[in-house]
file target_39.pdb (PDB, C-alpha atoms)
MODEL        1
ATOM      1  CA  MET F  25     -32.849 -18.637  30.172
ATOM      2  CA  LYS F  26     -30.002 -20.221  28.256
ATOM      3  CA  LYS F  27     -32.351 -20.937  25.338
ATOM      4  CA  ARG F  28     -33.413 -17.274  25.218
ATOM      5  CA  ARG F  29     -29.791 -16.141  25.175
ATOM      6  CA  ILE F  30     -29.028 -18.492  22.278
ATOM      7  CA  ILE F  31     -32.060 -17.247  20.320
ATOM      8  CA  ARG F  32     -31.111 -13.597  20.966
ATOM      9  CA  ASN F  33     -27.522 -14.152  19.853
ATOM     10  CA  LEU F  34     -28.730 -16.044  16.803
ATOM     11  CA  GLN F  35     -30.828 -13.043  15.785
ATOM     12  CA  TYR F  36     -27.690 -10.893  15.705
ATOM     13  CA  GLU F  37     -25.629 -13.477  13.865
ATOM     14  CA  VAL F  38     -28.213 -13.773  11.089
ATOM     15  CA  PHE F  39     -27.251 -10.265   9.996
ATOM     16  CA  LEU F  40     -23.663 -11.471   9.531
ATOM     17  CA  LEU F  41     -24.664 -14.172   7.056
ATOM     18  CA  PRO F  42     -24.630 -11.957   3.904
ATOM     19  CA  ALA F  43     -21.118 -10.712   4.754
ATOM     20  CA  VAL F  44     -19.886 -14.228   5.552
ATOM     21  CA  ILE F  45     -21.342 -15.654   2.344
ATOM     22  CA  THR F  46     -19.931 -12.822   0.224
ATOM     23  CA  PHE F  47     -16.494 -13.132   1.832
ATOM     24  CA  THR F  48     -16.504 -16.907   1.322
ATOM     25  CA  LEU F  49     -17.567 -16.720  -2.329
ATOM     26  CA  PHE F  50     -15.318 -13.863  -3.430
ATOM     27  CA  THR F  51     -12.277 -14.272  -1.155
ATOM     28  CA  VAL F  52     -11.952 -17.687   0.479
ATOM     29  CA  PHE F  53     -13.075 -19.764  -2.517
ATOM     30  CA  PRO F  54     -10.834 -17.937  -5.065
ATOM     31  CA  LEU F  55      -7.858 -18.287  -2.698
ATOM     32  CA  LEU F  56      -8.413 -22.030  -2.398
ATOM     33  CA  LYS F  57      -8.773 -22.359  -6.182
ATOM     34  CA  THR F  58      -5.577 -20.349  -6.652
ATOM     35  CA  LEU F  59      -3.736 -22.681  -4.294
ATOM     36  CA  LEU F  60      -5.119 -25.693  -6.177
ATOM     37  CA  TYR F  61      -4.130 -24.378  -9.628
ATOM     38  CA  SER F  62      -0.608 -23.571  -8.423
ATOM     39  CA  PHE F  63       0.067 -27.331  -8.303
ATOM     40  CA  THR F  64      -1.217 -27.965 -11.830
ATOM     41  CA  ASP F  65      -0.365 -27.192 -15.465
ATOM     42  CA  PHE F  66      -3.686 -25.343 -15.933
ATOM     43  CA  ASP F  67      -3.415 -22.765 -18.724
ATOM     44  CA  GLY F  68      -6.517 -20.770 -17.860
ATOM     45  CA  VAL F  69      -8.468 -22.061 -20.880
ATOM     46  CA  GLN F  70      -8.620 -25.853 -20.974
ATOM     47  CA  HIS F  71     -10.852 -27.619 -18.478
ATOM     48  CA  THR F  72      -8.446 -30.526 -18.131
ATOM     49  CA  TYR F  73      -5.161 -30.191 -16.269
ATOM     50  CA  GLN F  74      -2.563 -32.367 -14.598
ATOM     51  CA  PHE F  75      -1.002 -32.090 -11.158
ATOM     52  CA  VAL F  76       2.689 -31.195 -11.404
ATOM     53  CA  GLY F  77       3.601 -30.898  -7.731
ATOM     54  CA  PHE F  78       6.008 -28.070  -6.880
ATOM     55  CA  LYS F  79       7.193 -27.608 -10.465
ATOM     56  CA  ASN F  80       5.474 -24.212 -10.762
ATOM     57  CA  TYR F  81       7.025 -22.996  -7.505
ATOM     58  CA  ALA F  82      10.474 -23.993  -8.735
ATOM     59  CA  ALA F  83       9.796 -22.114 -11.976
ATOM     60  CA  VAL F  84       8.978 -18.955 -10.016
ATOM     61  CA  PHE F  85      12.405 -18.889  -8.361
ATOM     62  CA  ARG F  86      14.161 -19.629 -11.656
ATOM     63  CA  ASP F  87      12.364 -16.826 -13.505
ATOM     64  CA  ASP F  88      14.551 -13.689 -13.525
ATOM     65  CA  VAL F  89      11.599 -11.434 -14.355
ATOM     66  CA  MET F  90       9.568 -12.726 -11.414
ATOM     67  CA  ARG F  91      12.480 -12.229  -9.031
ATOM     68  CA  GLN F  92      12.945  -8.714 -10.414
ATOM     69  CA  ALA F  93       9.230  -8.003  -9.939
ATOM     70  CA  LEU F  94       9.413  -9.177  -6.322
ATOM     71  CA  PHE F  95      12.427  -6.938  -5.686
ATOM     72  CA  ASN F  96      10.677  -3.966  -7.330
ATOM     73  CA  THR F  97       7.565  -4.447  -5.211
ATOM     74  CA  LEU F  98       9.506  -4.710  -1.933
ATOM     75  CA  PHE F  99      11.718  -1.742  -2.909
ATOM     76  CA  TYR F 100       8.682   0.389  -3.736
ATOM     77  CA  THR F 101       6.836  -0.607  -0.547
ATOM     78  CA  PHE F 102       9.813   0.035   1.736
ATOM     79  CA  PHE F 103      10.458   3.574   0.524
ATOM     80  CA  VAL F 104       6.789   4.539   0.247
ATOM     81  CA  VAL F 105       6.108   3.423   3.841
ATOM     82  CA  ILE F 106       9.158   5.256   5.211
ATOM     83  CA  LEU F 107       8.738   8.494   3.238
ATOM     84  CA  ILE F 108       4.994   8.899   3.725
ATOM     85  CA  ASN F 109       5.264   8.334   7.478
ATOM     86  CA  LEU F 110       8.199  10.760   7.723
ATOM     87  CA  ILE F 111       6.302  13.461   5.823
ATOM     88  CA  SER F 112       2.739  12.928   7.039
ATOM     89  CA  VAL F 113       3.466  13.216  10.774
ATOM     90  CA  PRO F 114       5.093  16.692  10.794
ATOM     91  CA  LEU F 115       2.628  17.793   8.095
ATOM     92  CA  ALA F 116      -0.269  16.721  10.328
ATOM     93  CA  VAL F 117       1.197  18.705  13.233
ATOM     94  CA  LEU F 118       1.511  21.752  10.964
ATOM     95  CA  LEU F 119      -2.049  21.488   9.631
ATOM     96  CA  ASP F 120      -3.458  20.898  13.122
ATOM     97  CA  ARG F 121      -2.524  24.423  14.167
ATOM     98  CA  GLN F 122      -5.425  26.747  14.899
ATOM     99  CA  GLN F 123      -5.712  29.063  11.912
ATOM    100  CA  ARG F 124      -8.412  30.237   9.558
ATOM    101  CA  VAL F 125      -7.148  28.568   6.397
ATOM    102  CA  LYS F 126      -6.370  25.158   7.911
ATOM    103  CA  THR F 127      -9.462  23.530   6.315
ATOM    104  CA  PHE F 128      -8.407  24.784   2.874
ATOM    105  CA  GLU F 129      -4.855  23.545   3.407
ATOM    106  CA  ARG F 130      -6.067  20.099   4.439
ATOM    107  CA  ALA F 131      -8.258  19.928   1.332
ATOM    108  CA  VAL F 132      -5.290  20.856  -0.896
ATOM    109  CA  PHE F 133      -3.096  18.106   0.528
ATOM    110  CA  PHE F 134      -5.929  15.557   0.562
ATOM    111  CA  PHE F 135      -7.068  16.236  -3.018
ATOM    112  CA  PRO F 136      -4.458  14.012  -4.802
ATOM    113  CA  SER F 137      -5.749  11.018  -2.814
ATOM    114  CA  VAL F 138      -9.205  11.429  -4.335
ATOM    115  CA  ILE F 139      -8.113  11.046  -7.954
ATOM    116  CA  SER F 140      -7.759   7.575  -9.474
ATOM    117  CA  ALA F 141      -4.190   6.263  -9.263
ATOM    118  CA  LEU F 142      -4.468   5.193 -12.896
ATOM    119  CA  LEU F 143      -5.363   8.724 -13.992
ATOM    120  CA  ILE F 144      -2.590  10.192 -11.863
ATOM    121  CA  GLY F 145      -0.124   7.779 -13.447
ATOM    122  CA  TYR F 146      -1.056   8.923 -16.957
ATOM    123  CA  ILE F 147      -0.880  12.609 -15.988
ATOM    124  CA  TRP F 148       2.537  12.220 -14.368
ATOM    125  CA  GLY F 149       3.623  10.088 -17.302
ATOM    126  CA  TYR F 150       3.218  13.184 -19.464
ATOM    127  CA  ILE F 151       4.866  15.462 -16.877
ATOM    128  CA  LEU F 152       7.860  13.129 -16.463
ATOM    129  CA  SER F 153       8.171  12.208 -20.124
ATOM    130  CA  PRO F 154      11.879  11.735 -20.986
ATOM    131  CA  LEU F 155      11.349  13.590 -24.261
ATOM    132  CA  GLY F 156      12.040  17.285 -24.610
ATOM    133  CA  THR F 157       8.295  17.840 -24.974
ATOM    134  CA  GLY F 158       7.621  16.447 -21.502
ATOM    135  CA  ALA F 159       6.189  19.087 -19.167
ATOM    136  CA  LEU F 160       9.030  18.998 -16.628
ATOM    137  CA  ASN F 161      11.794  18.855 -19.231
ATOM    138  CA  ALA F 162      10.133  21.727 -21.129
ATOM    139  CA  MET F 163      10.179  23.818 -17.925
ATOM    140  CA  LEU F 164      13.868  23.035 -17.362
ATOM    141  CA  LYS F 165      14.881  23.754 -20.968
ATOM    142  CA  PRO F 166      15.051  27.586 -20.569
ATOM    143  CA  LEU F 167      17.491  26.990 -17.675
ATOM    144  CA  GLY F 168      19.852  25.173 -20.047
ATOM    145  CA  VAL F 169      19.089  21.725 -18.654
ATOM    146  CA  LYS F 170      19.070  18.929 -21.218
ATOM    147  CA  PRO F 171      16.105  16.495 -21.266
ATOM    148  CA  ILE F 172      16.288  14.123 -18.303
ATOM    149  CA  GLY F 173      15.193  10.499 -18.675
ATOM    150  CA  TRP F 174      12.823  10.492 -15.721
ATOM    151  CA  THR F 175      11.185   7.232 -16.814
ATOM    152  CA  SER F 176      13.598   5.910 -19.453
ATOM    153  CA  SER F 177      16.249   4.812 -16.935
ATOM    154  CA  ALA F 178      15.526   1.823 -14.670
ATOM    155  CA  TRP F 179      16.534   3.510 -11.413
ATOM    156  CA  MET F 180      15.214   6.945 -12.353
ATOM    157  CA  ALA F 181      11.879   5.321 -13.168
ATOM    158  CA  LYS F 182      11.854   3.547  -9.787
ATOM    159  CA  PHE F 183      12.363   6.788  -7.893
ATOM    160  CA  SER F 184       9.898   8.641 -10.130
ATOM    161  CA  ILE F 185       7.202   6.075  -9.305
ATOM    162  CA  ILE F 186       7.962   6.373  -5.590
ATOM    163  CA  ALA F 187       7.893  10.184  -5.747
ATOM    164  CA  VAL F 188       4.485  10.198  -7.450
ATOM    165  CA  ALA F 189       3.129   7.639  -4.953
ATOM    166  CA  VAL F 190       4.304   9.784  -2.033
ATOM    167  CA  TRP F 191       2.752  12.906  -3.583
ATOM    168  CA  THR F 192      -0.514  11.028  -4.114
ATOM    169  CA  SER F 193      -0.960   9.316  -0.744
ATOM    170  CA  THR F 194       0.663  11.609   1.823
ATOM    171  CA  GLY F 195      -2.459  13.769   2.189
ATOM    172  CA  TRP F 196      -4.708  10.828   3.023
ATOM    173  CA  HIS F 197      -2.402   9.505   5.725
ATOM    174  CA  THR F 198      -1.908  13.039   7.048
ATOM    175  CA  VAL F 199      -5.664  13.235   7.659
ATOM    176  CA  VAL F 200      -5.485   9.983   9.657
ATOM    177  CA  ASN F 201      -2.705  11.482  11.789
ATOM    178  CA  ILE F 202      -4.701  14.686  12.303
ATOM    179  CA  ALA F 203      -7.663  12.662  13.590
ATOM    180  CA  TYR F 204      -5.432  11.030  16.218
ATOM    181  CA  LEU F 205      -3.710  14.336  17.020
ATOM    182  CA  GLN F 206      -7.021  15.959  17.858
ATOM    183  CA  ALA F 207      -7.696  13.202  20.386
ATOM    184  CA  ILE F 208      -4.545  14.075  22.367
ATOM    185  CA  ASP F 209      -5.388  16.022  25.529
ATOM    186  CA  SER F 210      -3.902  19.540  25.378
ATOM    187  CA  THR F 211      -3.069  19.368  29.086
ATOM    188  CA  TYR F 212      -0.059  17.194  28.244
ATOM    189  CA  TYR F 213       1.437  20.028  26.224
ATOM    190  CA  GLU F 214       0.521  22.626  28.842
ATOM    191  CA  ALA F 215       2.208  20.623  31.592
ATOM    192  CA  ALA F 216       5.282  20.068  29.402
ATOM    193  CA  ALA F 217       5.500  23.786  28.604
ATOM    194  CA  ILE F 218       5.329  24.633  32.311
ATOM    195  CA  ASP F 219       8.193  22.183  32.921
ATOM    196  CA  GLY F 220      10.258  23.999  30.306
ATOM    197  CA  ALA F 221       9.957  21.573  27.395
ATOM    198  CA  ASN F 222      10.435  23.191  23.997
ATOM    199  CA  ARG F 223       8.414  22.365  20.877
ATOM    200  CA  TRP F 224      10.830  19.658  19.698
ATOM    201  CA  GLN F 225      10.770  17.942  23.101
ATOM    202  CA  GLN F 226       6.981  18.081  23.159
ATOM    203  CA  PHE F 227       6.860  16.591  19.674
ATOM    204  CA  ARG F 228       9.343  13.842  20.542
ATOM    205  CA  PHE F 229       8.083  12.812  23.962
ATOM    206  CA  ILE F 230       4.336  13.553  23.676
ATOM    207  CA  THR F 231       3.195  13.675  20.066
ATOM    208  CA  ILE F 232       5.139  10.727  18.662
ATOM    209  CA  PRO F 233       4.322   8.244  21.496
ATOM    210  CA  LEU F 234       0.628   9.191  21.494
ATOM    211  CA  LEU F 235       0.512   8.954  17.694
ATOM    212  CA  ALA F 236       1.682   5.336  17.810
ATOM    213  CA  PRO F 237      -1.815   3.925  17.024
ATOM    214  CA  ALA F 238      -2.038   6.193  13.961
ATOM    215  CA  LEU F 239       1.401   5.065  12.812
ATOM    216  CA  THR F 240       0.300   1.443  13.216
ATOM    217  CA  VAL F 241      -2.785   2.005  11.069
ATOM    218  CA  ASN F 242      -0.926   3.998   8.424
ATOM    219  CA  THR F 243       1.977   1.568   8.197
ATOM    220  CA  LEU F 244      -0.323  -1.437   7.884
ATOM    221  CA  LEU F 245      -2.347   0.249   5.125
ATOM    222  CA  LEU F 246       0.778   1.416   3.295
ATOM    223  CA  LEU F 247       2.316  -2.048   3.514
ATOM    224  CA  THR F 248      -0.700  -3.891   2.153
ATOM    225  CA  ASN F 249      -1.395  -1.302  -0.564
ATOM    226  CA  GLY F 250       2.280  -1.115  -1.524
ATOM    227  CA  LEU F 251       2.723  -4.867  -1.809
ATOM    228  CA  LYS F 252      -0.286  -5.230  -4.113
ATOM    229  CA  VAL F 253       0.400  -2.061  -6.162
ATOM    230  CA  TYR F 254      -0.338  -2.275  -9.864
ATOM    231  CA  ASP F 255      -2.123   0.715 -11.363
ATOM    232  CA  LEU F 256       0.307   3.581 -10.678
ATOM    233  CA  PRO F 257       3.554   1.926 -11.900
ATOM    234  CA  TYR F 258       1.733   0.464 -14.892
ATOM    235  CA  ALA F 259       0.212   3.780 -15.954
ATOM    236  CA  LEU F 260       3.457   5.679 -15.388
ATOM    237  CA  THR F 261       6.012   3.364 -17.047
ATOM    238  CA  LYS F 262       4.134   0.211 -18.218
ATOM    239  CA  GLY F 263       6.665  -1.620 -16.049
ATOM    240  CA  GLY F 264       9.554  -0.347 -18.147
ATOM    241  CA  PRO F 265      12.061   0.249 -19.329
ATOM    242  CA  GLY F 266      11.878  -3.421 -20.277
ATOM    243  CA  TYR F 267      10.955  -5.427 -17.166
ATOM    244  CA  ALA F 268      12.892  -3.111 -14.844
ATOM    245  CA  ASN F 269       9.821  -1.863 -12.957
ATOM    246  CA  TYR F 270       7.370  -4.737 -13.215
ATOM    247  CA  THR F 271       5.481  -5.365  -9.985
ATOM    248  CA  VAL F 272       4.356  -8.748  -8.677
ATOM    249  CA  THR F 273       0.718  -8.087  -9.569
ATOM    250  CA  GLN F 274       1.676  -7.045 -13.097
ATOM    251  CA  ILE F 275       3.772 -10.146 -13.744
ATOM    252  CA  ILE F 276       1.025 -12.372 -12.304
ATOM    253  CA  ILE F 277      -1.462 -10.886 -14.772
ATOM    254  CA  GLN F 278       0.957 -11.111 -17.691
ATOM    255  CA  ARG F 279       2.037 -14.698 -17.019
ATOM    256  CA  GLY F 280      -1.487 -15.886 -16.253
ATOM    257  CA  ILE F 281      -3.575 -14.069 -18.874
ATOM    258  CA  SER F 282      -1.281 -12.907 -21.682
ATOM    259  CA  GLU F 283       1.100 -15.892 -21.690
ATOM    260  CA  ARG F 284      -1.389 -18.507 -20.404
ATOM    261  CA  GLN F 285       1.052 -19.809 -17.770
ATOM    262  CA  TYR F 286      -1.726 -19.951 -15.231
ATOM    263  CA  GLY F 287      -0.095 -22.537 -12.993
ATOM    264  CA  VAL F 288       3.123 -20.521 -12.676
ATOM    265  CA  SER F 289       1.274 -17.243 -12.103
ATOM    266  CA  THR F 290      -0.908 -18.765  -9.366
ATOM    267  CA  ALA F 291       2.205 -20.234  -7.725
ATOM    268  CA  LEU F 292       3.675 -16.740  -7.607
ATOM    269  CA  ALA F 293       0.363 -15.435  -6.262
ATOM    270  CA  ALA F 294       0.370 -18.077  -3.504
ATOM    271  CA  ILE F 295       3.945 -17.205  -2.527
ATOM    272  CA  PHE F 296       3.067 -13.526  -2.565
ATOM    273  CA  ILE F 297      -0.042 -13.989  -0.406
ATOM    274  CA  LEU F 298       2.062 -15.828   2.176
ATOM    275  CA  LEU F 299       4.709 -13.091   2.037
ATOM    276  CA  VAL F 300       2.106 -10.354   2.546
ATOM    277  CA  MET F 301       0.595 -12.210   5.501
ATOM    278  CA  VAL F 302       3.976 -12.699   7.181
ATOM    279  CA  ILE F 303       5.140  -9.097   6.646
ATOM    280  CA  SER F 304       1.805  -7.668   7.805
ATOM    281  CA  ALA F 305       1.725  -9.889  10.906
ATOM    282  CA  VAL F 306       5.313  -8.999  11.881
ATOM    283  CA  GLN F 307       4.704  -5.295  11.292
ATOM    284  CA  PHE F 308       1.425  -5.251  13.228
ATOM    285  CA  THR F 309       2.889  -7.181  16.173
ATOM    286  CA  THR F 310       5.973  -4.945  16.316
ATOM    287  CA  MET F 311       3.964  -1.717  16.140
ATOM    288  CA  ARG F 312       1.482  -2.866  18.779
ATOM    289  CA  LYS F 313       4.334  -3.717  21.155
ATOM    290  CA  ARG F 314       5.692  -0.226  20.561
ATOM    291  CA  GLU F 315       2.280   1.221  21.478
ATOM    292  CA  VAL F 316       2.272  -0.718  24.760
ATOM    293  CA  HIS F 317       5.884  -0.078  25.779
ATOM    294  CA  GLY F 318       6.191   3.390  24.274
TER
ENDMDL
END
call {"tool": "encode", "arguments": {"input": "target_39.pdb", "output": "structure tokens"}}
result
Amino acid sequence: MKKRRIIRNLQYEVFLLPAVITFTLFTVFPLLKTLLYSFTDFDGVQHTYQFVGFKNYAAVFRDDVMRQALFNTLFYTFFVVILINLISVPLAVLLDRQQRVKTFERAVFFFPSVISALLIGYIWGYILSPLGTGALNAMLKPLGVKPIGWTSSAWMAKFSIIAVAVWTSTGWHTVVNIAYLQAIDSTYYEAAAIDGANRWQQFRFITIPLLAPALTVNTLLLLTNGLKVYDLPYALTKGGPGYANYTVTQIIIQRGISERQYGVSTALAAIFILLVMVISAVQFTTMRKREVHG
């Protein structure tokens, strides 16, 4: 009997082998190689390299550009997570109303999420061009407004990138919230209405607590995607002006490929992987506790 159970379970596990092999070859093995190279002076070209201990890690913390890139990435992630969650929840409630055009409205808000982030970055790069010929500045010119440096100022560029990211991703996360909203039993709202609860009280004490799983999913996805962001900031500002809006992924690619400082770039990658794991674990644990305790 025990032998039959083992054989039956083995039949199921065989189907997992392709996924396990693929994951090992393309995720686990590269991560281990990255960790190995972070302790060497490997330049990405030569086959010979020497172990240098923690020299590359020390170089990461001495590099002003790398520290700036880390700050930019955390700054971007923080505001994108907060703003998208703040907008997508009430937007989901609005689009969940029973009306004839709700499918069209959902499609309109979801559409920006379908387009490549790289393409969106180039389009918004033209719209937010600091020159007078930029689309937005050209629209403001008849109102007597002088050309605004949407992407030529370090802080203006930061907020421009965040604004475009929010515009791009809010629709997708709104759809996730709608899916969870539709699973909420309407009897909760009926009972609350009978007890005299207004719409705000129903939203606060019914919708938000029961949407906690959706908020957990959305926040985790926004965190991981925000921390590894590359394409949108690069397409919109090329990391400029100067190094003011470089992200961690961009500086890893530049140091490792363009400047052939492979050991330093992999050290930064190793630090960043650890940072992402810690932030994601803390966020997931905190959000799950909130789901349990309300």
call {"tool": "closest_residue", "arguments": {"input": "target_39.pdb", "among": "F:Leu205, F:Ala162, F:Gly220, F:Asp255", "to": "Ser140 in chain F", "atoms": "all atoms listed in the file"}}
result
F:Asp255
call {"tool": "atom_distance", "arguments": {"input": "target_39.pdb", "atom1": "CA of Thr97 in chain F", "atom2": "CA of Thr194 in chain F"}}
result
18.8 Å
call {"tool": "closest_residue", "arguments": {"input": "target_39.pdb", "among": "F:Ile297, F:Met163, F:Ile232, F:Leu260", "to": "Ala181 in chain F", "atoms": "all atoms listed in the file"}}
result
F:Leu260
call {"tool": "residues_near_point", "arguments": {"input": "target_39.pdb", "point": "(-8.0, 15.2, 1.6)", "cutoff": "10 Å", "atoms": "all atoms listed in the file", "output": "compact mmCIF listing (two decimals) with C-alpha atoms, in the frame of the given file"}}
result
# COMPACT_ATOMS: atom_id res chain seq x y z
CA THR F 127 -9.46 23.53 6.32
CA PHE F 128 -8.41 24.78 2.87
CA GLU F 129 -4.86 23.54 3.41
CA ARG F 130 -6.07 20.10 4.44
CA ALA F 131 -8.26 19.93 1.33
CA VAL F 132 -5.29 20.86 -0.90
CA PHE F 133 -3.10 18.11 0.53
CA PHE F 134 -5.93 15.56 0.56
CA PHE F 135 -7.07 16.24 -3.02
CA PRO F 136 -4.46 14.01 -4.80
CA SER F 137 -5.75 11.02 -2.81
CA VAL F 138 -9.20 11.43 -4.34
CA SER F 193 -0.96 9.32 -0.74
CA THR F 194 0.66 11.61 1.82
CA GLY F 195 -2.46 13.77 2.19
CA TRP F 196 -4.71 10.83 3.02
CA HIS F 197 -2.40 9.51 5.72
CA THR F 198 -1.91 13.04 7.05
CA VAL F 199 -5.66 13.24 7.66
CA VAL F 200 -5.48 9.98 9.66
call {"tool": "closest_residue", "arguments": {"input": "target_39.pdb", "among": "F:Ser289, F:Thr46, F:Ser184, F:Ser304", "to": "Asp67 in chain F", "atoms": "all atoms listed in the file"}}
result
F:Ser289
call {"tool": "closest_residue", "arguments": {"input": "target_39.pdb", "among": "F:Ala116, F:Leu94, F:Ala221, F:Leu49", "to": "Ala293 in chain F", "atoms": "all atoms listed in the file"}}
result
F:Leu94
call {"tool": "resolve_selection", "arguments": {"input": "target_39.pdb", "expression": "the PyMOL selection byres ((chain F and resi 152) around 10)", "output": "VMD selection string"}}
result
chain F and resid 146 to 151 153 to 155 157 to 161 172 to 176 181 184 260 to 261
call {"tool": "closest_residue", "arguments": {"input": "target_39.pdb", "among": "F:Val44, F:Val272, F:Val190, F:Val306", "to": "Val253 in chain F", "atoms": "all atoms listed in the file"}}
result
F:Val272
call {"tool": "axis_aligned_box", "arguments": {"input": "target_39.pdb", "around": "range 89-101 of chain F", "padding_each_side": "8 Å", "output": "AutoDock Vina command-line options"}}
result
--center_x 9.9 --center_y -6.2 --center_z -7.5 --size_x 22.1 --size_y 29.1 --size_z 29.8
call {"tool": "closest_residue", "arguments": {"input": "target_39.pdb", "among": "F:Ala217, F:Ile275, F:Arg228, F:Ile208", "to": "Leu292 in chain F", "atoms": "all atoms listed in the file"}}
result
F:Ile275
call {"tool": "residues_around", "arguments": {"input": "target_39.pdb", "residues": "Pro54 in chain F", "least_positions_apart": "6", "cutoff": "12 Å", "atoms": "all atoms listed in the file", "output": "ChimeraX atom specification"}}
result
/F:46-48,60-61,290,293-294
call {"tool": "residues_around", "arguments": {"input": "target_39.pdb", "residues": "Tyr81 in chain F", "least_positions_apart": "2", "cutoff": "10 Å", "atoms": "all atoms listed in the file", "output": "list in words"}}
result
Ser62, Phe63, Gly77, Phe78, Lys79, Ala83, Val84, Phe85, Arg86, Gly287, Val288, Ser289, Thr290, Ala291, Leu292, Ala294 and Ile295 of chain F
call {"tool": "build_atoms", "arguments": {"input": "target_39.pdb", "residues": "range 183-195 of chain F", "atoms": "N, CA, C and O atoms", "output": "PDB file, in the frame of the given file"}}
result
ATOM      1  N   PHE F 183      12.519   5.665  -8.809  1.00  0.00           N
ATOM      2  CA  PHE F 183      12.363   6.788  -7.893  1.00  0.00           C
ATOM      3  C   PHE F 183      11.255   7.738  -8.336  1.00  0.00           C
ATOM      4  O   PHE F 183      10.623   8.392  -7.496  1.00  0.00           O
ATOM      5  N   SER F 184      11.004   7.818  -9.638  1.00  0.00           N
ATOM      6  CA  SER F 184       9.898   8.641 -10.130  1.00  0.00           C
ATOM      7  C   SER F 184       8.566   8.059  -9.673  1.00  0.00           C
ATOM      8  O   SER F 184       7.669   8.793  -9.239  1.00  0.00           O
ATOM      9  N   ILE F 185       8.427   6.745  -9.758  1.00  0.00           N
ATOM     10  CA  ILE F 185       7.202   6.075  -9.305  1.00  0.00           C
ATOM     11  C   ILE F 185       6.991   6.308  -7.817  1.00  0.00           C
ATOM     12  O   ILE F 185       5.877   6.615  -7.360  1.00  0.00           O
ATOM     13  N   ILE F 186       8.056   6.173  -7.036  1.00  0.00           N
ATOM     14  CA  ILE F 186       7.962   6.373  -5.590  1.00  0.00           C
ATOM     15  C   ILE F 186       7.582   7.820  -5.278  1.00  0.00           C
ATOM     16  O   ILE F 186       6.729   8.083  -4.415  1.00  0.00           O
ATOM     17  N   ALA F 187       8.188   8.768  -5.986  1.00  0.00           N
ATOM     18  CA  ALA F 187       7.893  10.184  -5.747  1.00  0.00           C
ATOM     19  C   ALA F 187       6.427  10.496  -6.024  1.00  0.00           C
ATOM     20  O   ALA F 187       5.768  11.209  -5.250  1.00  0.00           O
ATOM     21  N   VAL F 188       5.893   9.961  -7.118  1.00  0.00           N
ATOM     22  CA  VAL F 188       4.485  10.198  -7.450  1.00  0.00           C
ATOM     23  C   VAL F 188       3.578   9.533  -6.415  1.00  0.00           C
ATOM     24  O   VAL F 188       2.566  10.115  -5.999  1.00  0.00           O
ATOM     25  N   ALA F 189       3.928   8.333  -5.968  1.00  0.00           N
ATOM     26  CA  ALA F 189       3.129   7.639  -4.953  1.00  0.00           C
ATOM     27  C   ALA F 189       3.101   8.422  -3.648  1.00  0.00           C
ATOM     28  O   ALA F 189       2.051   8.534  -2.999  1.00  0.00           O
ATOM     29  N   VAL F 190       4.236   8.974  -3.263  1.00  0.00           N
ATOM     30  CA  VAL F 190       4.304   9.784  -2.033  1.00  0.00           C
ATOM     31  C   VAL F 190       3.453  11.034  -2.188  1.00  0.00           C
ATOM     32  O   VAL F 190       2.694  11.406  -1.282  1.00  0.00           O
ATOM     33  N   TRP F 191       3.562  11.707  -3.329  1.00  0.00           N
ATOM     34  CA  TRP F 191       2.752  12.906  -3.583  1.00  0.00           C
ATOM     35  C   TRP F 191       1.263  12.582  -3.533  1.00  0.00           C
ATOM     36  O   TRP F 191       0.457  13.368  -3.022  1.00  0.00           O
ATOM     37  N   THR F 192       0.895  11.409  -4.031  1.00  0.00           N
ATOM     38  CA  THR F 192      -0.514  11.028  -4.114  1.00  0.00           C
ATOM     39  C   THR F 192      -1.109  10.674  -2.753  1.00  0.00           C
ATOM     40  O   THR F 192      -2.228  11.085  -2.436  1.00  0.00           O
ATOM     41  N   SER F 193      -0.380   9.935  -1.940  1.00  0.00           N
ATOM     42  CA  SER F 193      -0.960   9.316  -0.744  1.00  0.00           C
ATOM     43  C   SER F 193      -0.670  10.038   0.564  1.00  0.00           C
ATOM     44  O   SER F 193      -1.310   9.747   1.577  1.00  0.00           O
ATOM     45  N   THR F 194       0.286  10.955   0.567  1.00  0.00           N
ATOM     46  CA  THR F 194       0.663  11.609   1.823  1.00  0.00           C
ATOM     47  C   THR F 194      -0.516  12.331   2.458  1.00  0.00           C
ATOM     48  O   THR F 194      -0.713  12.280   3.676  1.00  0.00           O
ATOM     49  N   GLY F 195      -1.328  13.013   1.652  1.00  0.00           N
ATOM     50  CA  GLY F 195      -2.459  13.769   2.189  1.00  0.00           C
ATOM     51  C   GLY F 195      -3.451  12.900   2.931  1.00  0.00           C
ATOM     52  O   GLY F 195      -3.936  13.275   4.007  1.00  0.00           O
TER      53      GLY F 195
END
